[in-house]
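What's in run-v7.txt: compact mmCIF, C-alpha atoms
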# COMPACT_ATOMS: atom_id res chain seq x y z
CA MET A 138 0.00 0.00 0.00
CA ASP A 139 1.11 3.52 -0.69
CA PHE A 140 0.45 6.00 2.08
CA ALA A 141 2.47 8.91 0.76
CA GLY A 142 0.33 11.46 2.57
CA ALA A 143 -0.03 9.56 5.83
CA GLY A 144 2.76 10.79 8.05
CA ASP A 145 3.14 9.54 11.61
CA GLY A 146 2.17 6.19 13.06
CA ARG A 147 -1.28 7.42 13.99
CA GLU A 148 -2.23 8.49 10.48
CA ARG A 149 -0.77 5.39 8.93
CA ALA A 150 -2.68 3.14 11.32
CA LEU A 151 -5.86 5.14 10.75
CA ALA A 152 -5.47 4.85 6.99
CA LEU A 153 -5.05 1.07 7.30
CA LEU A 154 -8.19 0.86 9.43
CA LEU A 155 -10.20 2.92 6.93
CA PHE A 156 -8.89 0.88 4.00
CA SER A 157 -9.80 -2.39 5.69
CA MET A 158 -13.33 -1.21 6.55
CA ALA A 159 -13.99 0.45 3.20
CA ASP A 160 -12.69 -2.52 1.21
CA ASP A 161 -14.79 -4.92 3.31
CA GLU A 162 -17.93 -2.93 2.55
CA PHE A 163 -17.02 -2.42 -1.09
CA VAL A 164 -16.26 -6.06 -1.81
CA ILE A 165 -19.29 -7.53 -0.06
CA GLY A 166 -21.50 -4.81 -1.52
CA PHE A 167 -20.34 -5.51 -5.05
CA SER A 168 -20.46 -9.26 -4.58
CA ASP A 169 -23.99 -9.30 -3.14
CA SER A 170 -25.19 -6.98 -5.90
CA GLU A 171 -24.79 -10.00 -8.18
CA TRP A 172 -28.16 -11.15 -6.81
CA THR A 173 -29.93 -8.25 -8.49
CA GLY A 174 -32.35 -9.75 -10.96
CA ILE A 175 -31.78 -13.34 -9.86
CA GLY A 176 -32.99 -13.22 -6.23
CA PRO A 177 -35.10 -16.12 -4.96
CA ILE A 178 -38.28 -14.03 -5.02
CA LEU A 179 -38.89 -10.50 -6.23
CA GLU A 180 -39.19 -9.05 -2.72
CA GLU A 181 -35.91 -10.62 -1.62
CA ASP A 182 -34.23 -9.52 -4.83
CA VAL A 183 -35.10 -5.94 -3.90
CA ALA A 184 -34.06 -6.48 -0.27
CA ILE A 185 -30.62 -7.99 -0.94
CA SER A 186 -29.95 -5.48 -3.72
CA SER A 187 -30.82 -2.62 -1.41
CA ILE A 188 -28.58 -4.00 1.32
CA ALA A 189 -25.76 -4.35 -1.22
CA GLN A 190 -26.28 -0.74 -2.28
CA ASP A 191 -26.17 0.38 1.36
CA GLU A 192 -22.75 -1.26 1.67
CA LEU A 193 -21.46 0.47 -1.45
CA GLY A 194 -22.69 3.73 0.06
CA HIS A 195 -20.81 3.02 3.27
CA ALA A 196 -17.70 2.16 1.26
CA GLN A 197 -17.98 5.44 -0.65
CA ALA A 198 -18.24 7.45 2.56
CA LEU A 199 -15.22 5.64 4.02
CA TYR A 200 -13.18 6.14 0.82
CA ARG A 201 -13.98 9.84 1.06
CA LEU A 202 -12.61 9.95 4.59
CA LEU A 203 -9.51 8.23 3.22
CA ALA A 204 -9.17 10.71 0.37
CA ASP A 205 -9.27 13.56 2.92
CA LEU A 206 -6.80 11.83 5.23
CA VAL A 207 -4.27 10.62 2.68
CA ALA A 208 -4.64 13.78 0.55
CA ASP A 209 -2.45 12.51 -2.27
CA GLY A 210 -4.71 13.80 -5.03
CA ARG A 211 -6.75 10.61 -5.42
CA ASP A 212 -10.51 10.92 -5.04
CA ALA A 213 -12.82 8.27 -3.58
CA ASP A 214 -13.37 6.63 -6.99
CA ALA A 215 -9.65 6.41 -7.72
CA ILE A 216 -9.08 4.80 -4.33
CA ALA A 217 -12.00 2.41 -4.85
CA TYR A 218 -11.18 1.24 -8.36
CA ASP A 219 -7.61 2.00 -9.34
CA ARG A 220 -5.73 -0.61 -7.35
CA PRO A 221 -4.50 -4.06 -8.41
CA PRO A 222 -6.25 -7.00 -6.67
CA GLU A 223 -3.41 -7.44 -4.16
CA GLY A 224 -3.82 -3.79 -3.14
CA TYR A 225 -7.21 -4.44 -1.52
CA LEU A 226 -7.35 -4.93 2.22
CA HIS A 227 -10.68 -6.72 2.70
CA ALA A 228 -10.89 -9.71 5.03
CA ARG A 229 -10.44 -13.22 3.64
CA LEU A 230 -14.05 -14.05 4.57
CA LEU A 231 -15.06 -11.82 1.66
CA ASP A 232 -12.76 -13.64 -0.74
CA HIS A 233 -15.35 -16.39 -0.83
CA PRO A 234 -17.58 -16.07 -3.88
CA ARG A 235 -21.27 -15.26 -3.64
CA GLY A 236 -22.12 -18.97 -3.93
CA ASP A 237 -25.68 -20.20 -3.43
CA TRP A 238 -28.28 -18.45 -1.29
CA ALA A 239 -27.15 -20.23 1.88
CA ALA A 240 -23.52 -19.19 1.24
CA THR A 241 -24.59 -15.58 0.74
CA ILE A 242 -26.57 -15.63 3.99
CA VAL A 243 -23.71 -17.22 5.93
CA ARG A 244 -21.10 -14.81 4.55
CA ARG A 245 -23.33 -11.83 5.26
CA TYR A 246 -24.37 -13.02 8.70
CA LEU A 247 -20.76 -13.60 9.76
CA TYR A 248 -19.63 -10.33 8.23
CA ASP A 249 -22.52 -8.21 9.54
CA THR A 250 -22.16 -9.46 13.10
CA ALA A 251 -18.37 -8.91 13.07
CA ASP A 252 -18.79 -5.51 11.44
CA ALA A 253 -21.37 -4.54 14.07
CA ALA A 254 -18.87 -5.42 16.82
CA ARG A 255 -16.22 -3.34 15.05
CA LEU A 256 -18.60 -0.39 14.64
CA ASP A 257 -19.50 -0.57 18.36
CA ALA A 258 -15.81 -0.15 19.18
CA LEU A 259 -15.62 2.92 16.90
CA ALA A 260 -18.73 4.73 18.14
CA ASP A 261 -16.66 6.95 20.45
CA SER A 262 -13.61 7.17 18.22
CA SER A 263 -11.30 10.11 18.85
CA TYR A 264 -11.22 10.58 15.07
CA ARG A 265 -14.43 12.56 14.89
CA PRO A 266 -15.16 12.21 11.15
CA LEU A 267 -15.12 8.44 11.64
CA ALA A 268 -17.26 8.51 14.80
CA GLU A 269 -19.85 10.66 13.02
CA LEU A 270 -19.95 8.36 10.00
CA VAL A 271 -20.13 5.25 12.17
CA ALA A 272 -23.19 6.65 13.95
CA LYS A 273 -25.00 6.81 10.61
CA ILE A 274 -23.74 3.46 9.35
CA ARG A 275 -24.84 1.67 12.52
CA ARG A 276 -28.44 2.76 11.99
CA GLU A 277 -28.49 1.07 8.58
CA GLU A 278 -26.57 -1.98 9.69
CA ARG A 279 -29.21 -2.71 12.32
CA TYR A 280 -31.68 -3.65 9.63
CA HIS A 281 -29.08 -5.68 7.73
CA LEU A 282 -28.47 -7.71 10.87
CA MET A 283 -32.17 -8.26 11.51
CA HIS A 284 -32.66 -9.46 7.97
CA MET A 285 -29.67 -11.80 8.04
CA GLU A 286 -30.64 -13.24 11.43
CA THR A 287 -34.12 -13.92 10.08
CA TRP A 288 -32.70 -15.80 7.11
CA LEU A 289 -30.09 -17.68 9.14
CA GLU A 290 -32.85 -18.85 11.43
CA ARG A 291 -35.11 -19.86 8.53
CA LEU A 292 -32.39 -21.97 6.93
CA ALA A 293 -31.21 -23.43 10.24
CA ARG A 294 -34.70 -24.44 11.36
CA ALA A 295 -35.69 -25.97 8.04
CA SER A 296 -34.83 -29.63 7.75
CA GLY A 297 -33.20 -31.18 4.70
CA GLU A 298 -31.61 -29.19 1.92
CA PRO A 299 -31.77 -25.65 3.34
CA ARG A 300 -30.06 -26.70 6.56
CA ASP A 301 -27.59 -28.94 4.73
CA ARG A 302 -26.54 -26.08 2.47
CA LEU A 303 -26.25 -23.78 5.47
CA LEU A 304 -23.99 -26.25 7.26
CA ALA A 305 -21.85 -26.71 4.14
CA ALA A 306 -21.40 -22.94 3.82
CA LEU A 307 -20.52 -22.65 7.51
CA ALA A 308 -17.92 -25.41 7.18
CA GLU A 309 -16.42 -23.62 4.19
CA MET A 310 -16.37 -20.10 5.63
CA GLY A 311 -16.28 -20.61 9.39
CA PRO A 312 -12.47 -20.68 9.64
CA ASP A 313 -12.29 -17.32 7.81
CA ALA A 314 -15.05 -15.58 9.78
CA GLY A 315 -12.63 -14.16 12.35
CA THR A 316 -10.51 -12.47 9.66
CA VAL A 317 -12.81 -9.42 9.81
CA LEU A 318 -11.62 -8.74 13.36
CA ALA A 319 -8.02 -9.93 13.04
CA PRO A 320 -5.62 -7.35 14.54
CA LEU A 321 -4.34 -4.72 12.11
CA PRO A 322 -0.61 -3.89 11.94
CA GLY A 323 -1.18 -0.46 13.45
CA GLU A 324 -3.43 -1.62 16.24
CA PRO A 325 -1.33 -0.40 19.21
CA ALA A 326 -1.38 3.13 17.76
CA LEU A 327 -5.12 2.92 17.11
CA VAL A 328 -5.83 1.95 20.70
CA ARG A 329 -3.30 4.39 22.17
CA HIS A 330 -4.83 7.32 20.30
CA GLY A 331 -8.39 6.29 21.16
CA ILE A 332 -9.33 5.73 17.52
CA VAL A 333 -10.58 2.24 18.41
CA GLY A 334 -12.16 1.67 21.82
CA GLN A 335 -10.70 -1.80 22.46
CA PRO A 336 -8.04 -4.07 21.00
CA PHE A 337 -9.39 -6.25 18.20
CA ALA A 338 -8.86 -9.38 20.31
CA THR A 339 -11.39 -8.01 22.82
CA ILE A 340 -13.84 -7.06 20.07
CA GLU A 341 -13.49 -10.54 18.62
CA THR A 342 -14.21 -12.19 21.97
CA HIS A 343 -17.47 -10.21 22.32
CA TRP A 344 -18.42 -11.08 18.77
CA ARG A 345 -17.74 -14.81 19.25
CA GLU A 346 -19.87 -14.84 22.40
CA GLY A 347 -22.82 -13.30 20.58
CA VAL A 348 -22.56 -15.58 17.55
CA GLY A 349 -22.03 -18.55 19.87
CA ARG A 350 -25.32 -17.88 21.65
CA THR A 351 -27.22 -17.70 18.35
CA PHE A 352 -25.56 -20.82 16.97
CA ALA A 353 -26.27 -22.77 20.18
CA ARG A 354 -29.94 -21.76 20.00
CA LEU A 355 -30.13 -22.94 16.39
CA GLY A 356 -28.13 -26.13 16.99
CA LEU A 357 -25.30 -24.99 14.70
CA PRO A 358 -21.68 -26.02 15.32
CA GLU A 359 -19.41 -23.60 17.14
CA LEU A 360 -17.28 -21.29 14.98
CA PRO A 361 -13.71 -22.59 14.60
CA PRO A 362 -10.71 -20.37 15.43
CA THR A 363 -9.39 -18.12 12.69
CA ARG A 364 -7.26 -19.85 10.09
CA ASP A 365 -3.97 -18.08 9.27
CA ALA A 366 -4.89 -14.84 11.09
CA ASP A 367 -1.51 -13.30 10.15
CA HIS A 368 -2.63 -13.10 6.53
CA ALA A 369 -6.24 -12.16 7.21
CA ARG A 370 -6.28 -9.40 4.59
CA SER A 371 -3.78 -10.46 1.95
CA GLY A 372 -3.23 -13.18 -0.64
CA HIS A 373 -6.65 -12.83 -2.18
CA SER A 374 -8.48 -15.70 -3.89
CA GLU A 375 -9.06 -16.40 -7.56
CA ALA A 376 -12.73 -15.65 -6.93
CA PHE A 377 -11.80 -12.14 -5.79
CA ARG A 378 -9.49 -11.63 -8.77
CA ALA A 379 -12.37 -12.45 -11.08
CA LEU A 380 -14.64 -10.08 -9.15
CA HIS A 381 -11.98 -7.35 -9.34
CA GLU A 382 -11.66 -7.88 -13.09
CA GLU A 383 -15.40 -7.30 -13.35
CA PHE A 384 -15.82 -4.29 -11.05
CA THR A 385 -12.90 -2.43 -12.61
CA MET A 386 -13.82 -3.31 -16.21
CA VAL A 387 -15.81 -0.23 -17.13
CA ARG A 388 -13.43 2.14 -15.40
CA ARG A 389 -10.43 0.55 -17.16
CA SER A 390 -12.15 0.78 -20.53
CA GLU A 391 -11.38 4.51 -20.71
CA VAL A 392 -8.66 5.46 -18.28
CA GLY A 393 -8.99 9.00 -17.00
CA ALA A 394 -12.44 9.52 -18.50
CA THR A 395 -14.95 11.79 -16.82
CA TRP A 396 -18.09 9.73 -16.34
CA MET B 184 -39.37 -4.58 13.79
CA THR B 185 -42.08 -2.75 15.71
CA ASP B 186 -42.97 -2.37 19.35
CA SER B 187 -45.63 -5.03 19.64
CA ASN B 188 -46.28 -7.94 17.37
CA PRO B 189 -48.47 -10.97 17.85
CA PRO B 190 -46.69 -14.31 17.68
CA ASP B 191 -46.84 -16.08 14.35
CA ARG B 192 -49.87 -18.31 14.17
CA ASP B 193 -49.20 -21.98 14.39
CA ASP B 194 -51.54 -23.22 11.70
CA ASP B 195 -50.70 -24.52 8.24
CA ALA B 196 -50.81 -21.16 6.57
CA ALA B 197 -48.14 -19.88 8.95
CA ASP B 198 -45.58 -22.65 8.69
CA GLY B 199 -43.20 -20.26 7.00
CA ARG B 200 -42.85 -22.44 3.92
CA THR B 201 -45.59 -20.96 1.79
CA LEU B 202 -45.40 -17.56 0.23
CA GLU B 203 -48.61 -15.64 0.67
CA PRO B 204 -49.76 -12.07 0.15
CA TRP B 205 -49.60 -9.53 2.98
CA GLU B 206 -51.32 -6.18 2.74
CA VAL B 207 -49.17 -3.22 3.69
CA PHE B 208 -50.49 -0.12 5.43
CA ARG B 209 -48.32 2.92 5.91
CA ARG B 210 -48.36 6.22 7.73
CA GLU B 211 -46.58 8.84 5.70
CA LYS B 212 -45.99 11.29 8.53
CA ASP B 213 -47.01 11.74 12.15
CA GLY B 214 -50.68 12.60 12.44
CA ASP B 215 -51.67 11.01 9.13
CA PRO B 216 -54.00 8.02 9.12
CA MET B 217 -52.76 4.58 8.12
CA ARG B 218 -53.40 4.15 4.42
CA HIS B 219 -53.25 1.05 2.32
CA GLY B 220 -49.98 1.08 0.37
CA GLY B 221 -49.99 -2.20 -1.53
CA SER B 222 -48.93 -5.74 -0.86
CA VAL B 223 -45.88 -7.98 -0.62
CA MET B 224 -45.38 -11.73 -0.87
CA ALA B 225 -43.72 -13.26 2.18
CA PRO B 226 -43.60 -16.55 4.08
CA ASP B 227 -44.13 -15.01 7.52
CA ALA B 228 -44.83 -11.76 9.35
CA THR B 229 -41.18 -10.95 10.02
CA LEU B 230 -40.14 -11.12 6.39
CA ALA B 231 -43.38 -9.39 5.37
CA LEU B 232 -42.30 -6.43 7.54
CA HIS B 233 -38.77 -6.52 6.12
CA TYR B 234 -40.11 -6.51 2.57
CA ALA B 235 -42.67 -3.83 3.39
CA ARG B 236 -39.79 -1.74 4.70
CA GLU B 237 -37.92 -2.25 1.41
CA MET B 238 -40.93 -1.49 -0.79
CA TYR B 239 -42.59 1.28 1.20
CA SER B 240 -39.92 3.05 3.21
CA ARG B 241 -36.43 2.48 1.90
CA ARG B 242 -36.43 6.10 0.80
CA GLN B 243 -37.98 7.37 4.01
CA GLU B 244 -41.55 7.39 2.65
CA SER B 245 -43.12 6.13 5.88
CA VAL B 246 -42.92 6.57 9.63
CA HIS B 247 -45.02 3.52 10.52
CA LEU B 248 -45.92 0.29 8.73
CA TRP B 249 -48.44 -2.46 9.34
CA VAL B 250 -48.62 -5.78 7.55
CA VAL B 251 -51.78 -7.87 7.61
CA ARG B 252 -52.04 -11.36 6.24
CA ARG B 253 -54.50 -11.07 3.38
CA SER B 254 -56.29 -14.24 4.48
CA ASP B 255 -56.98 -12.56 7.85
CA ILE B 256 -59.06 -9.89 6.17
CA HIS B 257 -62.84 -10.44 6.17
CA ASP B 258 -64.34 -8.82 3.15
CA LEU B 259 -67.72 -7.76 1.86
CA ALA B 260 -68.16 -6.92 -1.79
CA ASP B 261 -71.81 -7.91 -2.39
CA LEU B 262 -73.37 -5.08 -4.37
CA ASP B 263 -76.87 -6.10 -3.27
CA LEU B 264 -75.74 -5.25 0.24
CA LEU B 265 -73.43 -2.32 -0.48
CA GLN B 266 -75.33 -0.66 -3.35
CA PRO B 267 -79.04 -1.32 -2.66
CA PRO B 268 -80.94 -1.11 -5.95
CA LEU B 269 -83.95 0.91 -4.77
CA ASP B 270 -83.86 4.69 -4.60
CA ARG B 271 -82.96 5.76 -1.11
CA SER B 272 -81.80 9.23 -1.92
CA PHE B 273 -84.15 10.48 0.79
CA LYS B 274 -81.65 9.08 3.29
CA LYS B 275 -78.97 11.43 2.08
CA PRO B 276 -78.68 15.00 3.29
CA GLY B 277 -78.34 15.94 -0.36
CA GLY B 278 -82.06 15.16 -0.68
CA TYR B 279 -82.83 18.50 0.91
CA VAL B 280 -81.61 21.45 -1.02
CA MET B 281 -81.30 24.23 1.53
CA ARG B 282 -79.83 26.98 -0.63
CA ASP B 283 -83.07 28.08 -2.31
CA LYS B 284 -85.09 27.80 0.89
CA LEU B 285 -82.56 29.93 2.78
CA ALA B 286 -82.57 32.56 0.04
CA ALA B 287 -86.38 32.69 0.14
CA ALA B 288 -86.38 33.04 3.92
CA ARG B 289 -83.87 35.91 3.75
CA GLU B 290 -85.92 37.70 1.17
CA GLN B 291 -89.00 37.34 3.33
CA SER B 292 -87.26 38.81 6.37
CA GLY B 293 -85.67 41.57 4.30
CA ARG B 294 -82.14 40.77 5.35
CA ALA B 295 -79.13 40.31 3.12
CA LYS B 296 -76.91 37.31 3.23
CA PRO B 297 -74.64 37.75 6.25
CA LYS B 298 -71.05 38.56 5.41
CA ALA B 299 -68.54 35.86 6.07
CA ASN B 300 -66.65 37.97 8.61
CA ALA B 301 -69.51 40.17 9.78
CA GLY B 302 -68.77 42.02 12.99
Output the structure of this file as structure tokens.
Amino acid sequence: MDFAGAGDGRERALALLLFSMADDEFVIGFSDSEWTGIGPILEEDVAISSIAQDELGHAQALYRLLADLVADGRDADAIAYDRPPEGYLHARLLDHPRGDWAATIVRRYLYDTADAARLDALADSSYRPLAELVAKIRREERYHLMHMETWLERLARASGEPRDRLLAALAEMGPDAGTVLAPLPGEPALVRHGIVGQPFATIETHWREGVGRTFARLGLPELPPTRDADHARSGHSEAFRALHEEFTMVRRSEVGATW
Amino acid sequence: MTDSNPPDRDDDAADGRTLEPWEVFRREKDGDPMRHGGSVMAPDATLALHYAREMYSRRQESVHLWVVRRSDIHDLADLDLLQPPLDRSFKKPGGYVMRDKLAAAREQSGRAKPKANAG
């Protein structure tokens, strides 16, 4: 990553935090938008598409904070689109492709709950622009969580294929769920400067407790520990490279164009 | 999604496996009455509310939503009952035209029509 404009340890750590959050929202937003037009029923098509759009909106707002912070001449769009695949800092959980409906619900449920825990720890951030944005984002994420919990419960309580597919998706993605809350390189600076309320390990513990209660209630297996937490946000999958190829395609078709 | 909701019914129609229509009522702003907005298809009340939220308030069009299972609505559409065929115009206040009678009474008493903001 290039942080030419980010000077001291605080700014560098803050930029990494913003990149990780923005890329998480951007990647899951773009990936879930693939359901538009092919949702299981019309109402759900609208619902998942609208949730995906919300995430792209959150990503845009976070990229704008980054553009202000890094101040290297790039605008939010340039930051969002003009990086090679390995330049993205989203969590490995989001490297999993959209998959079937159960996979989408599992990925979203795991991401939304982890993101909610992260947002809780940023509500009183000393970096005021972030705290103000987080207050708005949390209001929208509440509905996302409600919707995902409803669907997780529907699939978990159904017998046969819906539950089988849910369990298969959990087995596939469970070990990567914790990557959303894996410690960032600049974490000590983030905590010291009050940008994040608690260390990520503490946030992760709270998150695992909450998910654990829901899973126990639904008879789902406990989440496994995070696989390869040291590379939680690097070494992206082929599925992500294909997604990146797609979401940068139009922008690359005319470099420097004003759209 | 709201303050008080009845539990989902436990009969066949509410097993959560069958999509069925739910009627959506919405209040546009505080003080307005609930008005019928349209309908959504959903397998249960929770998802009906989620979908109603998407269809009828994702752009802040509502401050309050209700969803009602269409099969819970008792209806009456029998025109023999609602539009009785015999003339009953005498039941309507419109059967008595007061304007001409008032004008005649004023003329008789020699007084002009009172001004709207007299006094």
For a quick test of understanding: name the residues of chain A lying within 12 Å of chain B when counting only C-alpha atoms, and present them as a compact mmCIF listing (two decimals) with C-alpha atoms, keeping the file's coordinate frame.
# COMPACT_ATOMS: atom_id res chain seq x y z
CA PRO A 177 -35.10 -16.12 -4.96
CA ILE A 178 -38.28 -14.03 -5.02
CA LEU A 179 -38.89 -10.50 -6.23
CA GLU A 180 -39.19 -9.05 -2.72
CA GLU A 181 -35.91 -10.62 -1.62
CA ASP A 182 -34.23 -9.52 -4.83
CA VAL A 183 -35.10 -5.94 -3.90
CA ALA A 184 -34.06 -6.48 -0.27
CA ILE A 185 -30.62 -7.99 -0.94
CA SER A 186 -29.95 -5.48 -3.72
CA SER A 187 -30.82 -2.62 -1.41
CA ILE A 188 -28.58 -4.00 1.32
CA GLN A 190 -26.28 -0.74 -2.28
CA ASP A 191 -26.17 0.38 1.36
CA GLU A 277 -28.49 1.07 8.58
CA ARG A 279 -29.21 -2.71 12.32
CA TYR A 280 -31.68 -3.65 9.63
CA HIS A 281 -29.08 -5.68 7.73
CA LEU A 282 -28.47 -7.71 10.87
CA MET A 283 -32.17 -8.26 11.51
CA HIS A 284 -32.66 -9.46 7.97
CA MET A 285 -29.67 -11.80 8.04
CA GLU A 286 -30.64 -13.24 11.43
CA THR A 287 -34.12 -13.92 10.08
CA TRP A 288 -32.70 -15.80 7.11
CA GLU A 290 -32.85 -18.85 11.43
CA ARG A 291 -35.11 -19.86 8.53
CA LEU A 292 -32.39 -21.97 6.93
CA ARG A 294 -34.70 -24.44 11.36
CA ALA A 295 -35.69 -25.97 8.04
CA SER A 296 -34.83 -29.63 7.75
CA PRO A 299 -31.77 -25.65 3.34
Checklist entry - Counting all atoms listed in the file, what is within 9 Å of Glu211 (chain B), bar same-chain residues fewer than 6 positions away, as a list in words? => result Met217, Arg218, Gln243, Glu244, Ser245, Val246 and His247 of chain B
Checklist entry - Which residues come within 9 Å of region 251-258 of chain B, counting only C-alpha atoms, excluding same-chain residues fewer than 5 positions away, as a list in words? => result Glu203, Pro204, Trp205, Glu206, Val207, Phe208, Ser222, Asp227, Ala228 and Ala231 of chain B
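Close contacts of Tyr225 (chain A), defined as residues with an atom at most 10 Å away when counting all atoms listed in the file, with chain neighbours fewer than 4 positions off set aside, comprise Met138, Phe156, Ser157, Ala159, Asp160, Asp161, Val164, Ile216, Ala217, Tyr218, Arg220, Pro221, Arg370, Ser371, Gly372, His373, Phe377 and His381 of chain A.
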Next on the checklist: Which polymer residues, whether protein, DNA or RNA, lie within 12 Å of the coordinate (-2.5, 11.5, 13.4) when you count all atoms listed in the file? List them as an NGL selection string, using the chain letters and numbers from the file.
Outcome noted: :A and (142-152 or 206-207 or 263-264 or 326-327 or 329-332)
Output C-alpha atoms for every residue in the selection just made, as a PDB file, keeping the file's coordinate frame.
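result20.pdb was written with the following content:
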ATOM      1  CA  GLY A 142       0.330  11.460   2.570  1.00  0.00           C
ATOM      2  CA  ALA A 143      -0.030   9.560   5.830  1.00  0.00           C
ATOM      3  CA  GLY A 144       2.760  10.790   8.050  1.00  0.00           C
ATOM      4  CA  ASP A 145       3.140   9.540  11.610  1.00  0.00           C
ATOM      5  CA  GLY A 146       2.170   6.190  13.060  1.00  0.00           C
ATOM      6  CA  ARG A 147      -1.280   7.420  13.990  1.00  0.00           C
ATOM      7  CA  GLU A 148      -2.230   8.490  10.480  1.00  0.00           C
ATOM      8  CA  ARG A 149      -0.770   5.390   8.930  1.00  0.00           C
ATOM      9  CA  ALA A 150      -2.680   3.140  11.320  1.00  0.00           C
ATOM     10  CA  LEU A 151      -5.860   5.140  10.750  1.00  0.00           C
ATOM     11  CA  ALA A 152      -5.470   4.850   6.990  1.00  0.00           C
ATOM     12  CA  LEU A 206      -6.800  11.830   5.230  1.00  0.00           C
ATOM     13  CA  VAL A 207      -4.270  10.620   2.680  1.00  0.00           C
ATOM     14  CA  SER A 263     -11.300  10.110  18.850  1.00  0.00           C
ATOM     15  CA  TYR A 264     -11.220  10.580  15.070  1.00  0.00           C
ATOM     16  CA  ALA A 326      -1.380   3.130  17.760  1.00  0.00           C
ATOM     17  CA  LEU A 327      -5.120   2.920  17.110  1.00  0.00           C
ATOM     18  CA  ARG A 329      -3.300   4.390  22.170  1.00  0.00           C
ATOM     19  CA  HIS A 330      -4.830   7.320  20.300  1.00  0.00           C
ATOM     20  CA  GLY A 331      -8.390   6.290  21.160  1.00  0.00           C
ATOM     21  CA  ILE A 332      -9.330   5.730  17.520  1.00  0.00           C
TER      22      ILE A 332
END
Specify the axis-aligned box that encloses all atoms of region 283-288 of chain B listed in the file after padding of 8 Å on each side, stating its centre and edge lengths in Å to one decimal as JSON.
{"center_x": -84.5, "center_y": 30.4, "center_z": 0.8, "size_x": 19.8, "size_y": 21.2, "size_z": 22.2}
Next on the checklist: What's around Leu357 (chain A) at 12 Å? Count all atoms listed in the file, leave out sequence neighbours fewer than 2 positions away in its own chain, and write the answer as a list in words.
Outcome noted: Val243, Leu289, Glu290, Leu292, Ala293, Arg294, Arg300, Asp301, Leu303, Leu304, Ala305, Ala306, Leu307, Ala308, Gly311, Val348, Gly349, Arg350, Thr351, Phe352, Ala353, Arg354, Leu355, Glu359, Leu360 and Pro361 of chain A
Next on the checklist: If I take CA of Ala319 (chain A) and CA of Ala366 (chain A), how far is one from the other in Å, to one decimal?
Outcome noted: 6.1 Å
Item to check | Å distance separating CA of Phe384 (chain A) from CA of Ser168 (chain A), one decimal place | outcome: 9.4 Å
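Going from CA of Arg244 (chain A) over to CA of Asp313 (chain A), you cover 9.7 Å.
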